[in-house]
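Q: Input work-v6.txt, format and content: compact mmCIF, C-alpha atoms.
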```txt
# COMPACT_ATOMS: atom_id res chain seq x y z
CA MET A 1 0.00 0.00 0.00
CA ILE A 2 1.21 3.52 -0.79
CA THR A 3 0.12 6.28 1.57
CA ILE A 4 0.91 9.94 0.87
CA THR A 5 2.48 11.60 3.90
CA HIS A 6 4.27 14.59 2.38
CA ASP A 7 2.47 17.82 3.31
CA LYS A 8 3.18 19.32 -0.12
CA ILE A 9 1.54 16.51 -2.09
CA LEU A 10 -2.23 16.19 -2.10
CA GLY A 11 -2.64 13.22 -4.41
CA PHE A 12 -2.28 11.63 -7.81
CA ALA A 13 -4.52 11.58 -10.87
CA PRO A 14 -5.18 8.19 -12.52
CA ARG A 15 -4.06 7.54 -16.07
CA TRP A 16 -6.35 5.15 -17.91
CA ALA A 17 -4.83 2.39 -19.99
CA PRO A 18 -6.11 1.58 -23.49
CA TYR A 19 -8.91 -0.99 -23.32
CA ASN A 20 -10.93 -1.40 -26.51
CA GLY A 21 -14.24 -3.12 -27.02
CA PHE A 22 -17.98 -2.68 -27.60
CA SER A 23 -21.10 -3.26 -25.49
CA LEU A 24 -24.77 -2.41 -25.22
CA LEU A 25 -25.44 0.29 -22.62
CA PHE A 26 -28.54 1.99 -21.33
CA ASP A 27 -28.61 5.52 -22.73
CA ASN A 28 -28.31 7.99 -19.88
CA PRO A 29 -31.51 10.04 -19.67
CA ASP A 30 -29.75 13.40 -19.90
CA GLY A 31 -28.64 12.60 -23.45
CA SER A 32 -25.38 14.54 -23.14
CA PHE A 33 -22.58 13.81 -25.58
CA SER A 34 -19.60 15.62 -27.04
CA PRO A 35 -17.85 15.07 -30.39
CA LEU A 36 -15.30 12.26 -30.45
CA GLN A 37 -12.23 13.93 -31.93
CA GLU A 38 -11.00 10.84 -33.75
CA ASN A 39 -14.24 10.52 -35.74
CA SER A 40 -16.77 13.26 -36.50
CA LYS A 41 -19.53 10.66 -36.96
CA LEU A 42 -19.26 9.43 -33.36
CA MET A 43 -20.46 10.97 -30.12
CA LYS A 44 -18.60 10.56 -26.84
CA LEU A 45 -20.60 9.90 -23.66
CA ASP A 46 -20.30 13.08 -21.61
CA SER A 47 -23.10 13.10 -19.06
CA VAL A 48 -23.68 15.99 -16.68
CA SER A 49 -24.32 14.51 -13.24
CA SER A 50 -25.98 17.71 -12.04
CA HIS A 51 -28.73 17.28 -14.67
CA PRO A 52 -32.11 16.69 -12.94
CA THR A 53 -32.52 13.25 -14.53
CA LEU A 54 -29.16 12.16 -13.12
CA GLU A 55 -29.78 13.01 -9.49
CA LEU A 56 -28.73 9.48 -8.55
CA TYR A 57 -25.35 9.92 -10.30
CA GLN A 58 -24.75 13.21 -8.52
CA ALA A 59 -25.50 11.48 -5.22
CA PHE A 60 -22.76 8.95 -6.04
CA VAL A 61 -20.30 11.83 -6.44
CA ASP A 62 -21.43 13.57 -3.26
CA THR A 63 -21.31 10.37 -1.22
CA LEU A 64 -17.81 9.49 -2.40
CA ASP A 65 -16.81 12.97 -1.26
CA ARG A 66 -18.34 12.26 2.16
CA ILE A 67 -16.33 9.07 2.43
CA ASP A 68 -13.31 11.13 1.26
CA THR A 69 -12.16 10.61 -2.30
CA ASN A 70 -8.62 11.71 -1.40
CA LEU A 71 -8.47 9.00 1.27
CA LEU A 72 -9.70 6.40 -1.21
CA THR A 73 -7.17 7.42 -3.84
CA ASN A 74 -4.11 8.27 -1.79
CA THR A 75 -4.39 5.51 0.81
CA TYR A 76 -6.12 2.69 -1.07
CA LEU A 77 -5.08 3.53 -4.64
CA PHE A 78 -8.71 3.84 -5.74
CA CYS A 79 -9.07 5.44 -9.16
CA PRO A 80 -12.55 7.02 -9.36
CA LEU A 81 -14.20 7.20 -12.75
CA PRO A 82 -15.35 10.67 -13.80
CA PRO A 83 -19.15 10.95 -13.34
CA SER A 84 -19.46 12.03 -16.98
CA THR A 85 -18.79 8.39 -17.89
CA TYR A 86 -21.17 6.69 -15.42
CA HIS A 87 -23.35 4.15 -17.19
CA VAL A 88 -25.16 0.82 -16.85
CA THR A 89 -24.04 -1.98 -19.16
CA VAL A 90 -26.77 -4.24 -20.55
CA TRP A 91 -24.66 -6.67 -22.59
CA ASP A 92 -20.89 -7.17 -22.62
CA GLY A 93 -19.64 -7.64 -26.15
CA LEU A 94 -16.11 -8.33 -27.28
CA ASN A 95 -13.16 -6.48 -25.79
CA VAL A 96 -9.43 -6.92 -25.44
CA GLY A 97 -10.05 -8.90 -22.25
CA ASN A 98 -12.20 -11.64 -23.80
CA ILE A 99 -11.06 -11.73 -27.44
CA ALA A 100 -9.50 -15.11 -26.67
CA ASP A 101 -13.07 -16.49 -26.47
CA ALA A 102 -13.30 -16.19 -30.25
CA ASN A 103 -12.64 -19.23 -32.41
CA PRO A 104 -8.86 -19.43 -33.02
CA SER A 105 -9.45 -19.23 -36.78
CA GLU A 106 -11.34 -15.93 -36.31
CA GLN A 107 -9.38 -14.34 -33.49
CA GLU A 108 -7.12 -12.32 -35.76
CA VAL A 109 -9.94 -10.61 -37.67
CA TRP A 110 -11.94 -9.90 -34.49
CA ALA A 111 -8.84 -8.61 -32.71
CA ASP A 112 -8.09 -6.33 -35.67
CA PHE A 113 -11.58 -4.84 -35.46
CA VAL A 114 -11.42 -4.33 -31.68
CA ASN A 115 -7.88 -2.95 -31.62
CA LYS A 116 -8.65 -0.39 -34.35
CA LEU A 117 -11.62 1.14 -32.55
CA PRO A 118 -13.00 3.80 -32.83
CA HIS A 119 -12.10 3.92 -36.54
CA THR A 120 -13.77 0.57 -37.27
CA PHE A 121 -16.95 1.39 -35.37
CA HIS A 122 -20.21 1.79 -37.24
CA GLU A 123 -23.56 0.09 -36.88
CA ASN A 124 -23.47 -1.55 -40.30
CA SER A 125 -20.19 -3.33 -39.63
CA GLU A 126 -20.29 -7.09 -40.00
CA PHE A 127 -18.74 -7.20 -36.53
CA THR A 128 -21.56 -5.32 -34.82
CA ARG A 129 -24.63 -6.21 -36.86
CA TRP A 130 -25.81 -8.80 -34.32
CA THR A 131 -25.87 -6.20 -31.55
CA SER A 132 -27.26 -3.42 -33.74
CA ALA A 133 -30.15 -5.65 -34.80
CA SER A 134 -30.85 -6.99 -31.31
CA SER A 135 -34.37 -6.58 -29.96
CA LEU A 136 -32.71 -4.89 -26.98
CA THR A 137 -31.97 -1.85 -29.12
CA GLN A 138 -35.26 -1.83 -31.04
CA ASN A 139 -37.45 -0.96 -28.07
CA LEU A 140 -37.36 2.84 -27.88
CA ASP A 141 -39.06 3.17 -24.50
CA TRP A 142 -38.08 0.54 -21.98
CA ASN A 143 -39.06 2.90 -19.17
CA ILE A 144 -37.19 0.90 -16.53
CA THR A 145 -36.49 2.53 -13.18
CA PHE A 146 -33.71 1.53 -10.79
CA ARG A 147 -32.80 2.43 -7.25
CA LEU A 148 -29.85 1.64 -5.01
CA ASP A 149 -29.39 -1.95 -3.93
CA THR A 150 -26.01 -1.70 -2.21
CA LEU A 151 -22.38 -0.69 -2.55
CA TYR A 152 -20.36 -3.65 -3.80
CA LYS A 153 -16.69 -4.46 -4.24
CA TRP A 154 -15.56 -7.16 -6.65
CA GLY A 155 -11.93 -8.00 -7.42
CA THR A 156 -10.39 -4.61 -8.06
CA GLY A 157 -13.64 -2.76 -8.82
CA MET A 158 -16.18 -0.93 -6.68
CA GLY A 159 -19.63 0.22 -7.68
CA ILE A 160 -23.31 0.47 -6.94
CA LEU A 161 -25.61 -2.49 -7.53
CA LEU A 162 -29.05 -1.42 -8.75
CA LYS A 163 -32.44 -3.06 -8.36
CA PRO A 164 -35.84 -2.38 -9.95
CA ALA A 165 -37.70 0.40 -8.19
CA ASP A 166 -41.21 -0.94 -8.85
CA GLN A 167 -43.05 -4.04 -10.02
CA GLU A 168 -43.28 -2.87 -13.60
CA SER A 169 -39.50 -2.48 -13.68
CA VAL A 170 -39.10 -5.99 -12.23
CA GLN A 171 -41.01 -7.37 -15.21
CA ILE A 172 -39.11 -5.22 -17.70
CA LEU A 173 -35.78 -6.38 -16.26
CA GLU A 174 -36.80 -10.01 -16.78
CA GLU A 175 -37.62 -9.25 -20.42
CA ILE A 176 -34.25 -7.55 -20.86
CA LYS A 177 -32.50 -10.56 -19.34
CA ASN A 178 -34.31 -12.89 -21.76
CA ARG A 179 -33.40 -10.80 -24.80
CA ARG A 180 -29.84 -10.51 -23.51
CA GLU A 181 -29.53 -14.29 -23.37
CA THR A 182 -30.88 -14.55 -26.92
CA LEU A 183 -28.21 -12.15 -28.14
CA TYR A 184 -25.46 -14.17 -26.44
CA GLU A 185 -26.81 -17.33 -28.05
CA ASN A 186 -26.91 -15.76 -31.52
CA PHE A 187 -23.63 -13.87 -31.31
CA PRO A 188 -20.93 -15.64 -33.39
CA VAL A 189 -18.43 -15.62 -30.50
CA LYS A 190 -19.49 -17.62 -27.45
CA ILE A 191 -18.55 -15.09 -24.79
CA ALA A 192 -18.62 -16.20 -21.17
CA HIS A 193 -21.11 -14.13 -19.18
CA PRO A 194 -22.24 -14.21 -15.55
CA GLU A 195 -25.75 -13.60 -14.29
CA TYR A 196 -26.87 -10.08 -15.16
CA VAL A 197 -26.75 -7.62 -12.26
CA PRO A 198 -27.27 -3.96 -13.27
CA HIS A 199 -24.67 -1.70 -11.69
CA VAL A 200 -22.73 1.54 -12.03
CA THR A 201 -18.98 1.21 -11.61
CA LEU A 202 -17.56 4.01 -9.47
CA GLY A 203 -13.91 3.17 -10.06
CA TYR A 204 -11.11 0.66 -9.77
CA PHE A 205 -8.34 -0.10 -7.29
CA ALA A 206 -4.82 -0.19 -8.71
CA ASN A 207 -4.24 -3.71 -7.39
CA ARG A 208 -5.94 -6.50 -5.45
CA GLU A 209 -3.90 -5.89 -2.33
CA SER A 210 -5.18 -2.32 -2.00
CA ALA A 211 -8.72 -3.44 -2.74
CA GLN A 212 -8.56 -6.10 -0.03
CA LEU A 213 -7.49 -3.53 2.55
CA THR A 214 -10.87 -1.80 2.16
CA THR A 215 -12.89 -4.97 2.85
CA PRO A 216 -13.49 -4.16 6.57
CA LEU A 217 -14.76 -0.69 5.54
CA ILE A 218 -17.25 -1.63 2.83
CA ALA A 219 -20.19 -2.28 5.20
CA ASP A 220 -19.83 1.17 6.77
CA TRP A 221 -19.46 2.84 3.39
CA ALA A 222 -22.54 0.97 2.16
CA LYS A 223 -24.58 2.43 5.02
CA ILE A 224 -23.49 5.94 4.04
CA PHE A 225 -24.65 5.31 0.47
CA GLU A 226 -27.95 3.83 1.66
CA GLU A 227 -28.69 6.89 3.80
CA ALA A 228 -27.85 9.29 0.99
CA LEU A 229 -29.59 7.47 -1.87
CA ARG A 230 -32.58 5.93 -0.11
CA ASP A 231 -35.25 7.84 -2.07
CA LEU A 232 -33.42 8.40 -5.37
CA THR A 233 -34.09 6.59 -8.65
CA ILE A 234 -33.02 6.72 -12.29
CA THR A 235 -35.10 5.78 -15.35
CA TYR A 236 -33.70 4.52 -18.65
CA HIS A 237 -35.71 4.52 -21.89
CA SER A 238 -33.38 3.12 -24.54
CA ILE A 239 -30.36 0.90 -25.16
CA SER A 240 -27.65 1.56 -27.75
CA LEU A 241 -24.46 0.07 -29.10
CA TYR A 242 -21.34 1.76 -27.70
CA GLY A 243 -17.66 1.33 -28.39
CA PHE A 244 -14.91 2.22 -25.96
CA THR A 245 -11.15 2.75 -26.08
CA ASP A 246 -10.56 3.00 -22.31
CA MET A 247 -12.75 3.13 -19.22
CA ILE A 248 -13.51 6.85 -19.59
CA THR A 249 -14.12 7.01 -23.36
CA PHE A 250 -17.44 5.54 -24.52
CA PHE A 251 -18.98 6.51 -27.86
CA LYS A 252 -21.82 5.72 -30.21
CA SER A 253 -22.93 6.69 -33.69
CA LYS A 254 -24.78 9.96 -34.24
```
Give the structure from the file, written as C-alpha cells.
A:
Amino acid sequence: MITITHDKILGFAPRWAPYNGFSLLFDNPDGSFSPLQENSKLMKLDSVSSHPTLELYQAFVDTLDRIDTNLLTNTYLFCPLPPSTYHVTVWDGLNVGNIADANPSEQEVWADFVNKLPHTFHENSEFTRWTSASSLTQNLDWNITFRLDTLYKWGTGMGILLKPADQESVQILEEIKNRRETLYENFPVKIAHPEYVPHVTLGYFANRESAQLTTPLIADWAKIFEEALRDLTITYHSISLYGFTDMITFFKSK
C-alpha cells in the first residue's frame, strides 16, 4: 500500500490504460454527448451529473466525497471514474479482455476490429450487426427505473448495484435478461457471461492488495450510500451500441 504523507503533495490523478471493445449500454436520460475527436460521426458519452434526470449519479459523487475521495485514492489507490462516464451496461460484447473467447481461426480478424476502434466502429459493420439488430436496441421506450441496492466491491472494482424500483421495472428487467440471453446465443463468438446484475462502476483499485485492505470498511461505506440514496431513482428509456477505447471514453454513432 502507498500512503501519501508529504504535506506538499495532495494526491495523484489516474491515467487510464487503453482498453478497446464494444457493449450495449442503457442511454443515460440526460442525453449529453460531445464530439469524439477521432471521428466526427461518433459521439462521446459526456453526461452531466448535475442534470435533474441524473440526481442518482450526482449522489454517487457527493457520497464518495463524504467518504473522502482523497483517502480512497491516496491511501487505497482507488481510481474514481469521472461521473461524466457513469453508465449501466446491458450486454458485454467483445473487448481486449475476452477476445481469446473467439474461435482461433477468427481471433485475428476480431482482434483487428477491436484494436482499431474507434475507426472501425459503425452500426453496419459485420462485426456489430448482431448487436445493432438486437431486440434490446429496437425498443425505444423501456421505461425501466432503478434504485440503489447496495455498494459492492468485486476484485479490483467498486460500484453500486441497482435493483428495480417498482413491479413494472421488475417485469421489464426479466424481459431484458431474456433478450440478452438470446443475443449471447446468436452472437458468433461464445462469450462467457455471468448472471446479469445492473450496476454503475464508481472506479477501480490499482491492485488486489489495495482493494482487499478496504474490505473491513465496505459495510460502513454501504450504510453511508444507503442513507444518501434511499429515495433516489433513475429511469432509462433506450439501449444503444457503444464502443470504448478506455474506461472513460465511450462513444456511439450519431
Q: Find the residue from A:Phe22, A:Phe187, A:Tyr236, A:Trp221 that sits nearest to Ala165 (chain A); use only C-alpha atoms when measuring.
A: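 Of A:Phe22, A:Phe187, A:Tyr236, A:Trp221, the one nearest Ala165 (chain A) is A:Tyr236, counting only C-alpha atoms.
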Q: From the set A:Ser32, A:Thr5, A:Ser125, A:Gln212, which residue has the shortest atom-to-atom contact distance to Phe78 (chain A), counting only C-alpha atoms?
A: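 So, comparing all the options, the nearest one is A:Gln212.
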Q: Could you tell me which of A:Tyr86, A:Phe251, A:Phe121, A:Tyr19 comes closest to His199 (chain A) if we count all atoms listed in the file?
A: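 Using all atoms listed in the file, His199 (chain A) sits closest to A:Tyr86.
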Q: Give me the residues near Pro52 (chain A) as number ranges by chain, where near means some atom within 10 Å (using all atoms listed in the file) and where sequence neighbours in that chain fewer than 4 positions away do not count.
A: A: 29-30, 48, 56-58
Q: Identify, on the basis of only C-alpha atoms, every residue whose closest approach to Leu183 (chain A) does not exceed 10 Å; exclude the query and any residue fewer than 6 positions from it along the same chain; express the result as a list in words.
A: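 Close residues of Leu183 (chain A): Trp91, Gly93, Trp130, Thr131, Ala133, Ser134, Ser135, Leu136 and Lys177 of chain A.
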Q: Could you save the residues just selected, with C-alpha atoms, as a PDB file, keeping the file's coordinate frame?
A:
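In the end it all went to selection-v5.pdb:
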```pdb
ATOM      1  CA  TRP A  91     -24.660  -6.670 -22.590  1.00  0.00           C
ATOM      2  CA  GLY A  93     -19.640  -7.640 -26.150  1.00  0.00           C
ATOM      3  CA  TRP A 130     -25.810  -8.800 -34.320  1.00  0.00           C
ATOM      4  CA  THR A 131     -25.870  -6.200 -31.550  1.00  0.00           C
ATOM      5  CA  ALA A 133     -30.150  -5.650 -34.800  1.00  0.00           C
ATOM      6  CA  SER A 134     -30.850  -6.990 -31.310  1.00  0.00           C
ATOM      7  CA  SER A 135     -34.370  -6.580 -29.960  1.00  0.00           C
ATOM      8  CA  LEU A 136     -32.710  -4.890 -26.980  1.00  0.00           C
ATOM      9  CA  LYS A 177     -32.500 -10.560 -19.340  1.00  0.00           C
TER      10      LYS A 177
END
```
Q: Would you list the residues near (-17.4, 7.8, -21.4) (no more than 10 Å away, in the coordinates of the file, using all atoms listed in the file) as a list in words?
A: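 Those within range, by chain then number, are Phe33, Ser34, Met43, Lys44, Leu45, Asp46, Ser47, Leu81, Pro82, Pro83, Ser84, Thr85, Tyr86, His87, Tyr242, Gly243, Phe244, Thr245, Asp246, Met247, Ile248, Thr249, Phe250 and Phe251 of chain A.
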Q: Those selected residues, please, written with C-alpha atoms and delivered as a PDB file, in the coordinates of the input.
A:
```
ATOM      1  CA  PHE A  33     -22.580  13.810 -25.580  1.00  0.00           C
ATOM      2  CA  SER A  34     -19.600  15.620 -27.040  1.00  0.00           C
ATOM      3  CA  MET A  43     -20.460  10.970 -30.120  1.00  0.00           C
ATOM      4  CA  LYS A  44     -18.600  10.560 -26.840  1.00  0.00           C
ATOM      5  CA  LEU A  45     -20.600   9.900 -23.660  1.00  0.00           C
ATOM      6  CA  ASP A  46     -20.300  13.080 -21.610  1.00  0.00           C
ATOM      7  CA  SER A  47     -23.100  13.100 -19.060  1.00  0.00           C
ATOM      8  CA  LEU A  81     -14.200   7.200 -12.750  1.00  0.00           C
ATOM      9  CA  PRO A  82     -15.350  10.670 -13.800  1.00  0.00           C
ATOM     10  CA  PRO A  83     -19.150  10.950 -13.340  1.00  0.00           C
ATOM     11  CA  SER A  84     -19.460  12.030 -16.980  1.00  0.00           C
ATOM     12  CA  THR A  85     -18.790   8.390 -17.890  1.00  0.00           C
ATOM     13  CA  TYR A  86     -21.170   6.690 -15.420  1.00  0.00           C
ATOM     14  CA  HIS A  87     -23.350   4.150 -17.190  1.00  0.00           C
ATOM     15  CA  TYR A 242     -21.340   1.760 -27.700  1.00  0.00           C
ATOM     16  CA  GLY A 243     -17.660   1.330 -28.390  1.00  0.00           C
ATOM     17  CA  PHE A 244     -14.910   2.220 -25.960  1.00  0.00           C
ATOM     18  CA  THR A 245     -11.150   2.750 -26.080  1.00  0.00           C
ATOM     19  CA  ASP A 246     -10.560   3.000 -22.310  1.00  0.00           C
ATOM     20  CA  MET A 247     -12.750   3.130 -19.220  1.00  0.00           C
ATOM     21  CA  ILE A 248     -13.510   6.850 -19.590  1.00  0.00           C
ATOM     22  CA  THR A 249     -14.120   7.010 -23.360  1.00  0.00           C
ATOM     23  CA  PHE A 250     -17.440   5.540 -24.520  1.00  0.00           C
ATOM     24  CA  PHE A 251     -18.980   6.510 -27.860  1.00  0.00           C
TER      25      PHE A 251
END
```
Q: What lies within 12 Å of Asp141 (chain A) using all atoms listed in the file, ignoring chain neighbours under 4 positions off, as a count of residues only?
A: 13
Q: Taking into account only C-alpha atoms, which residue in the set A:Trp16, A:Phe225, A:Tyr76, A:Trp110 is nearest to Arg208 (chain A)?
A: A:Tyr76
Q: Contacts of Gly159 (chain A) at 9 Å or less, counting all atoms listed in the file, minus same-chain residues fewer than 5 places along, as a PyMOL selection string?
A: chain A and resi 150-154+199-204
Q: Export C-alpha atoms of the chosen residues as a compact mmCIF listing (two decimals), keeping the file's coordinate frame?
A:
```txt
# COMPACT_ATOMS: atom_id res chain seq x y z
CA THR A 150 -26.01 -1.70 -2.21
CA LEU A 151 -22.38 -0.69 -2.55
CA TYR A 152 -20.36 -3.65 -3.80
CA LYS A 153 -16.69 -4.46 -4.24
CA TRP A 154 -15.56 -7.16 -6.65
CA HIS A 199 -24.67 -1.70 -11.69
CA VAL A 200 -22.73 1.54 -12.03
CA THR A 201 -18.98 1.21 -11.61
CA LEU A 202 -17.56 4.01 -9.47
CA GLY A 203 -13.91 3.17 -10.06
CA TYR A 204 -11.11 0.66 -9.77
```
Q: Just to confirm, what's the straight-line distance from CA of Pro14 (chain A) to CA of Thr73 (chain A) in Å (one decimal)?
A: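 That distance, rounded to one decimal, is 8.9 Å.
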Q: List as a JSON list (two decimals) with C-alpha atoms, in the frame of the given file the protein and nucleic acid residues near Ile99 (chain A), meaning an atom at most 10 Å away when only C-alpha atoms are counted, but skip any in the same chain fewer than 5 places from it.
A:
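Here's the written file around.json:
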```json
[["chain", "number", "residue", "atom", "x", "y", "z"],
["A", 21, "GLY", "CA", -14.24, -3.12, -27.02],
["A", 93, "GLY", "CA", -19.64, -7.64, -26.15],
["A", 94, "LEU", "CA", -16.11, -8.33, -27.28],
["A", 104, "PRO", "CA", -8.86, -19.43, -33.02],
["A", 106, "GLU", "CA", -11.34, -15.93, -36.31],
["A", 107, "GLN", "CA", -9.38, -14.34, -33.49],
["A", 108, "GLU", "CA", -7.12, -12.32, -35.76],
["A", 110, "TRP", "CA", -11.94, -9.90, -34.49],
["A", 111, "ALA", "CA", -8.84, -8.61, -32.71],
["A", 114, "VAL", "CA", -11.42, -4.33, -31.68],
["A", 189, "VAL", "CA", -18.43, -15.62, -30.50],
["A", 191, "ILE", "CA", -18.55, -15.09, -24.79]]
```
Q: Figure out the distance between CA of Ala222 (chain A) and CA of Asn28 (chain A), please, to one decimal in Å.
A: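 Rounded to one decimal, the two atoms are 23.8 Å apart.
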Q: Find the residue from A:Asp62, A:Pro188, A:Leu71, A:Ser132 that sits nearest to Ser50 (chain A); use all atoms listed in the file when measuring.
A: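 Distance minimum relative to Ser50 (chain A) lands on A:Asp62.
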Q: CA of Asn20 (chain A) to CA of Thr120 (chain A): how many Å, to one decimal?
A: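 About the pair CA of Asn20 (chain A) and CA of Thr120 (chain A): they are 11.3 Å apart.
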Q: I'd like to know which of A:Ser253, A:Thr63, A:Gln138, A:Thr75 is closest to Ile224 (chain A), using all atoms listed in the file.
A: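 Closest candidate: A:Thr63.
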Q: Taking all atoms of region 161-173 of chain A that appear in the file, build a box with edges along x, y and z, extend it by 4 Å on every side, and state its centre and edge lengths in Å to one decimal, as AutoDock Vina command-line options.
A:
```
--center_x -34.4 --center_y -3.5 --center_z -12.6 --size_x 25.7 --size_y 15.8 --size_z 18.2
```
